[in-house]
file target.cif (mmCIF, C-alpha atoms)
data_final
#
loop_
_atom_site.label_atom_id
_atom_site.label_comp_id
_atom_site.auth_asym_id
_atom_site.auth_seq_id
_atom_site.Cartn_x
_atom_site.Cartn_y
_atom_site.Cartn_z
CA MET R 1 -10.71 -17.45 -13.43
CA LYS R 2 -13.76 -16.30 -11.52
CA SER R 3 -12.55 -16.63 -7.96
CA LEU R 4 -9.65 -17.73 -5.82
CA SER R 5 -9.89 -20.46 -3.21
CA THR R 6 -8.23 -19.14 -0.06
CA ALA R 7 -8.13 -22.51 1.70
CA PHE R 8 -4.40 -22.99 1.05
CA LEU R 9 -3.38 -19.43 1.91
CA PRO R 10 -1.55 -18.35 5.10
CA LYS R 11 -3.70 -16.60 7.72
CA PHE R 12 -2.40 -13.12 6.85
CA LEU R 13 -3.38 -13.39 3.18
CA LYS R 14 -6.80 -14.84 4.03
CA GLU R 15 -7.46 -11.96 6.41
CA VAL R 16 -6.36 -9.25 4.00
CA LEU R 17 -8.16 -10.63 0.96
CA THR R 18 -11.50 -10.41 2.78
CA HIS R 19 -11.13 -6.62 2.54
CA ILE R 20 -10.56 -6.56 -1.23
CA PRO R 21 -13.86 -6.40 -3.16
CA THR R 22 -14.86 -9.56 -5.03
CA LEU R 23 -15.23 -7.45 -8.15
CA ALA R 24 -11.53 -6.62 -7.94
CA MET R 25 -10.69 -10.30 -7.90
CA LYS R 26 -12.48 -10.81 -11.22
CA SER R 27 -10.37 -8.32 -13.14
CA MET R 28 -6.92 -9.56 -12.07
CA ASP R 29 -4.27 -11.48 -13.96
CA TRP R 30 -4.75 -14.58 -11.80
CA LYS R 31 -2.38 -16.76 -13.79
CA GLY R 32 0.44 -14.33 -13.00
CA ALA R 33 -0.71 -13.78 -9.40
CA LEU R 34 -0.86 -17.49 -8.57
CA LYS R 35 2.73 -17.92 -9.72
CA GLU R 36 3.74 -15.35 -7.09
CA ILE R 37 1.46 -16.52 -4.25
CA GLY R 38 3.15 -19.93 -3.94
CA PRO R 39 6.66 -18.61 -3.25
CA LEU R 40 5.21 -15.81 -1.08
CA ALA R 41 3.31 -18.33 1.06
CA ALA R 42 6.46 -20.46 1.36
CA ARG R 43 8.45 -17.48 2.63
CA MET R 44 5.80 -16.82 5.25
CA GLY R 45 6.61 -20.17 6.83
CA LYS R 46 9.67 -18.46 8.27
CA LYS R 47 8.98 -16.09 11.14
CA HIS R 48 11.49 -13.35 10.37
CA LEU R 49 12.47 -11.46 7.26
CA ASP R 50 15.62 -12.74 5.55
CA GLU R 51 18.91 -10.90 6.08
CA ASP R 52 19.20 -9.38 2.60
CA SER R 53 15.66 -7.94 2.60
CA PHE R 54 16.08 -6.69 6.17
CA LYS R 55 19.26 -4.89 5.09
CA THR R 56 17.49 -3.14 2.19
CA LEU R 57 14.91 -1.83 4.69
CA GLU R 58 17.69 -0.53 6.92
CA GLU R 59 19.28 1.23 3.95
CA LEU R 60 16.08 3.22 3.37
CA ASN R 61 16.96 5.17 6.55
CA ILE R 62 13.34 5.88 7.42
CA GLN R 63 13.10 8.67 9.97
CA ASP R 64 11.94 7.56 13.46
CA ILE R 65 11.71 3.86 12.53
CA SER R 66 13.82 1.38 14.48
CA LEU R 67 13.94 -2.06 12.85
CA THR R 68 14.13 -5.06 15.14
CA ARG R 69 14.17 -8.82 14.77
CA GLU R 70 12.67 -9.20 18.24
CA SER R 71 8.95 -9.60 18.86
CA VAL R 72 7.04 -6.44 19.73
CA ASN R 73 3.84 -5.78 21.66
CA ASN R 74 1.55 -3.30 19.98
CA ASN R 75 0.54 -0.61 22.47
CA TYR R 76 -1.54 1.85 20.43
CA ASP R 77 -4.32 1.73 23.05
CA LEU R 78 -1.98 3.29 25.62
CA LEU R 79 -0.92 6.27 23.49
CA SER R 80 -2.18 9.85 23.57
CA ASP R 81 -3.82 11.28 20.45
CA ALA R 82 -0.67 13.28 19.71
CA GLN R 83 1.46 10.13 19.93
CA LYS R 84 -1.00 8.25 17.71
CA GLU R 85 -0.80 11.02 15.10
CA ARG R 86 3.00 10.77 15.11
CA VAL R 87 2.89 6.99 14.83
CA GLY R 88 0.51 7.30 11.87
CA GLU R 89 2.86 9.72 10.11
CA ILE R 90 5.79 7.34 10.62
CA VAL R 91 3.86 4.31 9.34
CA LEU R 92 2.95 6.32 6.23
CA GLN R 93 6.60 7.27 5.76
CA LEU R 94 7.39 3.56 5.85
CA TYR R 95 4.63 2.85 3.32
CA PHE R 96 5.94 5.45 0.85
CA SER R 97 9.63 4.71 1.48
CA GLN R 98 9.19 1.02 0.69
CA LEU R 99 7.79 1.94 -2.71
CA ASN R 100 11.14 3.60 -3.34
CA ASN R 101 12.97 0.29 -2.80
CA PRO R 102 13.68 -1.51 -6.11
CA GLU R 103 14.56 -4.66 -4.14
CA GLY R 104 11.01 -5.15 -2.89
CA LEU R 105 8.80 -4.32 0.08
CA ASN R 106 7.19 -5.90 3.11
CA LEU R 107 3.48 -6.21 2.38
CA ASP R 108 2.45 -6.75 6.01
CA LEU R 109 1.97 -3.37 7.72
CA ARG R 110 -0.51 -4.55 10.35
CA ALA R 111 -0.32 -2.91 13.77
CA LYS R 112 0.88 -6.11 15.46
CA HIS R 113 4.36 -5.48 14.03
CA PHE R 114 4.74 -2.02 15.64
CA GLU R 115 5.37 -0.70 19.14
CA TRP R 116 5.95 2.86 20.38
CA ILE R 117 8.18 3.35 23.44
CA ASN R 118 8.98 7.05 23.96
CA GLY R 119 11.00 7.42 20.80
CA PRO R 120 11.48 5.67 17.46
CA LEU R 121 8.64 3.42 16.37
CA LEU R 122 9.77 -0.18 16.68
CA TYR R 123 9.01 -2.25 13.59
CA SER R 124 9.47 -6.01 13.51
CA PRO R 125 8.92 -6.96 9.84
CA SER R 126 7.44 -10.34 9.01
CA ASN R 127 8.55 -12.35 6.00
CA VAL R 128 5.81 -11.17 3.60
CA TRP R 129 8.21 -9.80 0.99
CA PHE R 130 7.24 -9.00 -2.59
CA LYS R 131 9.04 -7.32 -5.47
CA LEU R 132 6.89 -5.19 -7.76
CA ARG R 133 7.62 -5.13 -11.46
CA GLU R 134 9.96 -2.16 -11.92
CA ASP R 135 7.86 -0.25 -14.44
CA PHE R 136 4.77 -0.73 -12.26
CA ARG R 137 6.65 0.54 -9.21
CA GLN R 138 7.94 3.61 -11.05
CA GLY R 139 4.47 4.31 -12.48
CA LEU R 140 2.97 4.12 -9.01
CA LEU R 141 5.56 6.61 -7.75
CA ASP R 142 4.73 8.92 -10.68
CA LEU R 143 1.07 8.66 -9.68
CA TYR R 144 1.76 9.58 -6.06
CA ARG R 145 4.21 12.35 -6.97
CA GLY R 146 1.74 13.77 -9.45
CA PHE R 147 -1.00 13.80 -6.80
CA TYR R 148 0.97 15.20 -3.85
CA HIS R 149 3.07 17.60 -5.93
CA ASN R 150 -0.06 18.84 -7.77
CA ASP R 151 1.45 17.84 -11.12
CA ASP R 152 -1.36 16.65 -13.42
CA GLU R 153 1.04 15.83 -16.25
CA LEU R 154 3.05 13.46 -14.02
CA PHE R 155 -0.20 11.97 -12.68
CA ASP R 156 -1.22 11.17 -16.29
CA ILE R 157 2.20 9.65 -16.97
CA GLY R 158 1.77 7.40 -13.94
CA LEU R 159 -1.63 6.15 -15.11
CA LYS R 160 -0.22 5.35 -18.54
CA ARG R 161 2.90 3.71 -17.16
CA ILE R 162 0.94 1.19 -15.11
CA GLY R 163 -1.34 0.52 -18.07
CA LEU R 164 -4.59 1.97 -16.75
CA SER R 165 -5.44 4.56 -19.37
CA LYS R 166 -4.80 2.33 -22.37
CA ASN R 167 -7.62 2.44 -24.96
CA LEU R 168 -9.67 4.97 -22.95
CA THR R 169 -11.35 7.99 -24.50
CA GLN R 170 -10.46 11.45 -23.20
CA GLN R 171 -13.69 11.52 -21.18
CA GLU R 172 -13.07 8.06 -19.70
CA ASP R 173 -9.50 9.03 -18.87
CA ALA R 174 -10.76 12.09 -16.96
CA GLN R 175 -13.25 9.88 -15.09
CA LEU R 176 -10.48 7.47 -14.09
CA LYS R 177 -8.36 10.33 -12.77
CA GLU R 178 -11.23 11.52 -10.59
CA LEU R 179 -11.77 8.01 -9.22
CA PHE R 180 -8.10 7.75 -8.27
CA LYS R 181 -8.12 11.15 -6.60
CA LYS R 182 -11.25 10.13 -4.69
CA HIS R 183 -9.42 6.98 -3.60
CA PHE R 184 -6.41 8.95 -2.39
CA GLY R 185 -8.73 11.21 -0.40
CA PRO R 186 -10.16 14.74 -0.41
CA GLY R 187 -8.56 18.13 0.13
CA ASP R 188 -4.97 18.75 1.16
CA GLN R 189 -4.62 15.33 2.84
CA ASP R 190 -3.55 17.02 6.08
CA LYS R 191 -6.27 15.46 8.26
CA VAL R 192 -7.18 11.98 7.06
CA VAL R 193 -8.96 9.42 9.22
CA PHE R 194 -8.32 5.97 7.78
CA GLU R 195 -11.29 3.60 7.56
CA LEU R 196 -11.28 0.20 5.89
CA GLU R 197 -14.87 0.71 4.80
CA HIS R 198 -13.88 3.81 2.83
CA PHE R 199 -11.00 1.89 1.28
CA LYS R 200 -13.31 -0.93 0.17
CA GLU R 201 -15.85 1.47 -1.29
CA SER R 202 -13.33 3.50 -3.30
CA PHE R 203 -11.48 0.36 -4.40
CA TYR R 204 -14.79 -1.10 -5.57
CA GLU R 205 -15.51 2.00 -7.67
CA LEU R 206 -12.08 1.77 -9.29
CA PHE R 207 -12.45 -1.89 -10.18
CA LYS R 208 -16.01 -1.42 -11.40
CA PHE R 209 -14.59 1.15 -13.82
CA PHE R 210 -11.91 -1.33 -14.94
CA MET R 211 -14.50 -4.05 -15.50
CA ASP R 212 -16.92 -1.74 -17.33
CA HIS R 213 -14.18 -0.48 -19.65
CA GLU R 214 -12.40 -3.82 -20.05
CA VAL R 215 -9.14 -2.57 -18.57
CA SER R 216 -6.95 -5.59 -17.89
CA LEU R 217 -4.96 -5.46 -14.66
CA GLU R 218 -1.60 -7.08 -14.10
CA LYS R 219 -0.83 -9.23 -11.06
CA ASP R 220 0.94 -6.45 -9.16
CA PHE R 221 -2.41 -4.78 -8.50
CA MET R 222 -3.43 -7.58 -6.17
CA PHE R 223 -0.22 -7.23 -4.17
CA LEU R 224 -0.63 -3.46 -4.06
CA GLY R 225 -4.14 -4.08 -2.69
CA ILE R 226 -2.70 -6.38 0.01
CA TYR R 227 -0.16 -3.69 0.91
CA LEU R 228 -2.87 -1.02 1.16
CA VAL R 229 -5.18 -3.17 3.26
CA GLY R 230 -2.41 -3.78 5.81
CA LEU R 231 -1.79 -0.03 5.93
CA TYR R 232 -5.48 0.76 6.45
CA MET R 233 -5.83 -1.93 9.13
CA ASN R 234 -2.94 -0.32 10.99
CA LEU R 235 -4.05 3.30 10.68
CA GLU R 236 -7.72 2.56 11.38
CA LYS R 237 -6.63 1.16 14.74
CA LEU R 238 -5.15 4.59 15.61
CA SER R 239 -8.54 6.34 15.10
CA VAL R 240 -6.99 9.81 14.67
CA ALA R 241 -6.62 12.24 11.76
CA ILE R 242 -3.20 11.93 10.13
CA ASN R 243 -1.27 14.32 7.89
CA VAL R 244 -0.65 12.13 4.84
CA ARG R 245 0.76 14.91 2.69
CA LYS R 246 3.37 15.71 5.36
CA SER R 247 4.51 12.08 5.41
CA PHE R 248 4.75 11.86 1.64
CA LEU R 249 6.73 15.10 1.35
CA GLN R 250 9.06 13.87 4.09
CA VAL R 251 10.00 10.98 1.80
CA PHE R 252 9.62 12.73 -1.59
CA PRO R 253 10.19 16.49 -1.14
CA LYS R 254 9.49 18.73 -4.11
#

call {"tool": "encode", "arguments": {"input": "target.cif", "output": "structure tokens"}}
result
Amino acid sequence: MKSLSTAFLPKFLKEVLTHIPTLAMKSMDWKGALKEIGPLAARMGKKHLDEDSFKTLEELNIQDISLTRESVNNNYDLLSDAQKERVGEIVLQLYFSQLNNPEGLNLDLRAKHFEWINGPLLYSPSNVWFKLREDFRQGLLDLYRGFYHNDDELFDIGLKRIGLSKNLTQQEDAQLKELFKKHFGPGDQDKVVFELEHFKESFYELFKFFMDHEVSLEKDFMFLGIYLVGLYMNLEKLSVAINVRKSFLQVFPK
């Protein structure tokens, strides 16, 4: 399948997919993805997240997040830089914590669902809920742990577990690792300014590699891309440097 018609998609998915490179679309398991998009779109017809999914988010006990079913009014423009930095750290804690939830995660992390009022960050989750395949989820966590804990062996395990280093030569495998580390960002990750343009460029390089080396990607990659775009849209709006490593280690200490 060469492309996906977005005419039937809800507004959120249309918006997010414009930020995922066309090249990425060509290397996906579309048959598997389309089976998931229908039920996902149907869920989005309901304004609020269902009770069971909402409860699993509560049980994650994310520091400084207050879940609400009420509507919120995003107020990032009124915050000081210090407050914006703190908000960014909390949103990243939410991003990483949800990956630790075997019951699924809310893909929609856009700023419109968050409000800061002198304390916990209010989060009103929409009904964009998706459950990653368990081995994919665990492999992704291995990848992140390997990167932020400076554990190359675990990083390699993560790549293998999500099926990315299959049939690659040692040289190609090393190239893929560098591309992923470039995507995650440079240095100690203690001062990262999030820009959608950077995300699109690094994502493009990854998917170009997959196309060039005929690496087949399962459907979960598209939904991970949607999750990442929502995150970047949120953090780009803050326009401040954020300590990503601090947020990750808050959720997954060594």

call {"tool": "closest_atom_pairs", "arguments": {"input": "target.cif", "of": "stretch 100-203 of chain R", "to": "stretch 46-68 of chain R", "cutoff": "6 Å", "atoms": "only C-alpha atoms", "output": "JSON lines"}}
result
{"residue": "R:Pro120", "atom": "CA", "partner": "R:Asp64", "partner_atom": "CA", "distance": 4.4}
{"residue": "R:Leu121", "atom": "CA", "partner": "R:Ile65", "partner_atom": "CA", "distance": 4.9}
{"residue": "R:Leu122", "atom": "CA", "partner": "R:Ser66", "partner_atom": "CA", "distance": 4.9}
{"residue": "R:Tyr123", "atom": "CA", "partner": "R:Leu67", "partner_atom": "CA", "distance": 5.0}
{"residue": "R:Ser124", "atom": "CA", "partner": "R:Thr68", "partner_atom": "CA", "distance": 5.0}
{"residue": "R:Ser126", "atom": "CA", "partner": "R:His48", "partner_atom": "CA", "distance": 5.2}
{"residue": "R:Asn127", "atom": "CA", "partner": "R:Leu49", "partner_atom": "CA", "distance": 4.2}

call {"tool": "resolve_selection", "arguments": {"input": "target.cif", "expression": "the PyMOL selection byres ((chain R and resi 140-146) around 9)", "output": "PyMOL selection string"}}
result
chain R and resi 96+99-100+135-139+147-159+161-162+184+248+252+254

call {"tool": "resolve_selection", "arguments": {"input": "target.cif", "expression": "the PyMOL selection byres ((chain R and resi 173) around 12)", "output": "VMD selection string"}}
result
chain R and resid 155 to 157 159 to 160 163 to 172 174 to 180 209 to 210 213 215

call {"tool": "resolve_selection", "arguments": {"input": "target.cif", "expression": "the PyMOL selection byres ((chain R and resi 76-90) around 9)", "output": "ChimeraX atom specification"}}
result
/R:62-65,74-75,91-95,111,114-116,121,234-235,237-244,246-248

call {"tool": "write_last_selection", "arguments": {"input": "target.cif", "atoms": "C-alpha atoms", "output": "PDB file, in the coordinates of the input"}}
result
ATOM      1  CA  ILE R  62      13.340   5.880   7.420  1.00  0.00           C
ATOM      2  CA  GLN R  63      13.100   8.670   9.970  1.00  0.00           C
ATOM      3  CA  ASP R  64      11.940   7.560  13.460  1.00  0.00           C
ATOM      4  CA  ILE R  65      11.710   3.860  12.530  1.00  0.00           C
ATOM      5  CA  ASN R  74       1.550  -3.300  19.980  1.00  0.00           C
ATOM      6  CA  ASN R  75       0.540  -0.610  22.470  1.00  0.00           C
ATOM      7  CA  VAL R  91       3.860   4.310   9.340  1.00  0.00           C
ATOM      8  CA  LEU R  92       2.950   6.320   6.230  1.00  0.00           C
ATOM      9  CA  GLN R  93       6.600   7.270   5.760  1.00  0.00           C
ATOM     10  CA  LEU R  94       7.390   3.560   5.850  1.00  0.00           C
ATOM     11  CA  TYR R  95       4.630   2.850   3.320  1.00  0.00           C
ATOM     12  CA  ALA R 111      -0.320  -2.910  13.770  1.00  0.00           C
ATOM     13  CA  PHE R 114       4.740  -2.020  15.640  1.00  0.00           C
ATOM     14  CA  GLU R 115       5.370  -0.700  19.140  1.00  0.00           C
ATOM     15  CA  TRP R 116       5.950   2.860  20.380  1.00  0.00           C
ATOM     16  CA  LEU R 121       8.640   3.420  16.370  1.00  0.00           C
ATOM     17  CA  ASN R 234      -2.940  -0.320  10.990  1.00  0.00           C
ATOM     18  CA  LEU R 235      -4.050   3.300  10.680  1.00  0.00           C
ATOM     19  CA  LYS R 237      -6.630   1.160  14.740  1.00  0.00           C
ATOM     20  CA  LEU R 238      -5.150   4.590  15.610  1.00  0.00           C
ATOM     21  CA  SER R 239      -8.540   6.340  15.100  1.00  0.00           C
ATOM     22  CA  VAL R 240      -6.990   9.810  14.670  1.00  0.00           C
ATOM     23  CA  ALA R 241      -6.620  12.240  11.760  1.00  0.00           C
ATOM     24  CA  ILE R 242      -3.200  11.930  10.130  1.00  0.00           C
ATOM     25  CA  ASN R 243      -1.270  14.320   7.890  1.00  0.00           C
ATOM     26  CA  VAL R 244      -0.650  12.130   4.840  1.00  0.00           C
ATOM     27  CA  LYS R 246       3.370  15.710   5.360  1.00  0.00           C
ATOM     28  CA  SER R 247       4.510  12.080   5.410  1.00  0.00           C
ATOM     29  CA  PHE R 248       4.750  11.860   1.640  1.00  0.00           C
TER      30      PHE R 248
END

call {"tool": "closest_residue", "arguments": {"input": "target.cif", "among": "R:Leu224, R:Leu107, R:Leu217, R:Met233", "to": "R:Leu40", "atoms": "only C-alpha atoms"}}
result
R:Leu107

call {"tool": "closest_residue", "arguments": {"input": "target.cif", "among": "R:Phe12, R:Ser97, R:Gln189, R:Pro39", "to": "R:Val251", "atoms": "only C-alpha atoms"}}
result
R:Ser97

call {"tool": "atom_distance", "arguments": {"input": "target.cif", "atom1": "atom CA of R:Tyr204", "atom2": "atom CA of R:Asn101"}}
result
27.9 Å

call {"tool": "atom_distance", "arguments": {"input": "target.cif", "atom1": "atom CA of R:Met222", "atom2": "atom CA of R:Glu195"}}
result
19.4 Å

call {"tool": "closest_residue", "arguments": {"input": "target.cif", "among": "R:Arg69, R:Phe203, R:Tyr227, R:Gly104", "to": "R:Arg133", "atoms": "all atoms listed in the file"}}
result
R:Gly104

call {"tool": "atom_distance", "arguments": {"input": "target.cif", "atom1": "atom CA of R:Met44", "atom2": "atom CA of R:Gly119"}}
result
29.3 Å

call {"tool": "closest_residue", "arguments": {"input": "target.cif", "among": "R:Leu249, R:Leu231, R:Ile226, R:Leu105", "to": "R:Ile20", "atoms": "all atoms listed in the file"}}
result
R:Ile226

call {"tool": "axis_aligned_box", "arguments": {"input": "target.cif", "around": "stretch 137-146 of chain R", "padding_each_side": "4 Å", "output": "JSON"}}
result
{"center_x": 4.5, "center_y": 7.2, "center_z": -9.3, "size_x": 14.9, "size_y": 21.2, "size_z": 14.4}

call {"tool": "closest_residue", "arguments": {"input": "target.cif", "among": "R:Met211, R:Leu206, R:Val193, R:Val128", "to": "R:Arg43", "atoms": "all atoms listed in the file"}}
result
R:Val128

call {"tool": "residues_around", "arguments": {"input": "target.cif", "residues": "R:Leu9", "least_positions_apart": "5", "cutoff": "10 Å", "atoms": "only C-alpha atoms", "output": "number ranges by chain"}}
result
R: 14-15, 37-38, 40-42

call {"tool": "closest_residue", "arguments": {"input": "target.cif", "among": "R:Val229, R:Ser216, R:Glu36, R:Glu205", "to": "R:Lys181", "atoms": "only C-alpha atoms"}}
result
R:Glu205

call {"tool": "build_atoms", "arguments": {"input": "target.cif", "residues": "stretch 112-134 of chain R", "atoms": "N, CA, C and O atoms", "output": "short mmCIF file (atom, residue, chain, number, x, y, z; two decimals), keeping the file's coordinate frame"}}
result
data_model
loop_
_atom_site.label_atom_id
_atom_site.label_comp_id
_atom_site.auth_asym_id
_atom_site.auth_seq_id
_atom_site.Cartn_x
_atom_site.Cartn_y
_atom_site.Cartn_z
N LYS R 112 0.23 -5.14 14.58
CA LYS R 112 0.88 -6.11 15.46
C LYS R 112 2.40 -6.09 15.33
O LYS R 112 3.10 -6.60 16.21
N HIS R 113 2.91 -5.51 14.25
CA HIS R 113 4.36 -5.48 14.03
C HIS R 113 5.01 -4.17 14.52
O HIS R 113 6.20 -3.95 14.28
N PHE R 114 4.24 -3.33 15.22
CA PHE R 114 4.74 -2.02 15.64
C PHE R 114 4.52 -1.79 17.14
O PHE R 114 3.52 -2.22 17.70
N GLU R 115 5.48 -1.07 17.73
CA GLU R 115 5.37 -0.70 19.14
C GLU R 115 6.06 0.65 19.36
O GLU R 115 7.17 0.88 18.85
N TRP R 116 5.41 1.53 20.09
CA TRP R 116 5.95 2.86 20.38
C TRP R 116 6.38 2.93 21.84
O TRP R 116 5.59 2.72 22.74
N ILE R 117 7.68 3.23 22.06
CA ILE R 117 8.18 3.35 23.44
C ILE R 117 9.00 4.63 23.55
O ILE R 117 10.23 4.63 23.47
N ASN R 118 8.32 5.76 23.70
CA ASN R 118 8.98 7.05 23.96
C ASN R 118 10.13 7.35 23.00
O ASN R 118 11.19 7.80 23.41
N GLY R 119 9.92 7.11 21.74
CA GLY R 119 11.00 7.42 20.80
C GLY R 119 10.71 6.83 19.44
O GLY R 119 9.56 6.87 18.99
N PRO R 120 11.74 6.26 18.78
CA PRO R 120 11.48 5.67 17.46
C PRO R 120 10.40 4.60 17.54
O PRO R 120 10.25 3.92 18.56
N LEU R 121 9.66 4.46 16.46
CA LEU R 121 8.64 3.42 16.37
C LEU R 121 9.33 2.11 16.04
O LEU R 121 10.01 1.99 15.02
N LEU R 122 9.17 1.12 16.92
CA LEU R 122 9.77 -0.18 16.68
C LEU R 122 8.96 -0.92 15.62
O LEU R 122 7.72 -0.95 15.67
N TYR R 123 9.66 -1.50 14.67
CA TYR R 123 9.01 -2.25 13.59
C TYR R 123 9.71 -3.59 13.45
O TYR R 123 10.91 -3.65 13.17
N SER R 124 8.95 -4.66 13.65
CA SER R 124 9.47 -6.01 13.51
C SER R 124 8.86 -6.63 12.26
O SER R 124 7.76 -7.20 12.31
N PRO R 125 9.53 -6.51 11.11
CA PRO R 125 8.92 -6.96 9.84
C PRO R 125 8.79 -8.47 9.76
O PRO R 125 9.70 -9.21 10.13
N SER R 126 7.65 -8.91 9.27
CA SER R 126 7.44 -10.34 9.01
C SER R 126 8.10 -10.69 7.68
O SER R 126 8.76 -9.85 7.06
N ASN R 127 7.87 -11.90 7.22
CA ASN R 127 8.55 -12.35 6.00
C ASN R 127 7.64 -12.30 4.77
O ASN R 127 7.74 -13.11 3.87
N VAL R 128 6.72 -11.31 4.74
CA VAL R 128 5.81 -11.17 3.60
C VAL R 128 6.44 -10.19 2.61
O VAL R 128 6.06 -9.02 2.53
N TRP R 129 7.41 -10.66 1.87
CA TRP R 129 8.21 -9.80 0.99
C TRP R 129 7.81 -10.01 -0.47
O TRP R 129 7.65 -11.14 -0.93
N PHE R 130 7.64 -8.90 -1.18
CA PHE R 130 7.24 -9.00 -2.59
C PHE R 130 7.94 -7.91 -3.39
O PHE R 130 8.07 -6.77 -2.93
N LYS R 131 8.37 -8.27 -4.58
CA LYS R 131 9.04 -7.32 -5.47
C LYS R 131 8.12 -6.95 -6.62
O LYS R 131 7.74 -7.80 -7.43
N LEU R 132 7.73 -5.68 -6.67
CA LEU R 132 6.89 -5.19 -7.76
C LEU R 132 7.68 -5.14 -9.07
O LEU R 132 8.90 -4.91 -9.05
N ARG R 133 6.99 -5.34 -10.16
CA ARG R 133 7.62 -5.13 -11.46
C ARG R 133 8.10 -3.68 -11.52
O ARG R 133 7.40 -2.77 -11.13
N GLU R 134 9.32 -3.47 -12.02
CA GLU R 134 9.96 -2.16 -11.92
C GLU R 134 9.16 -1.05 -12.58
O GLU R 134 9.00 0.04 -12.03
#
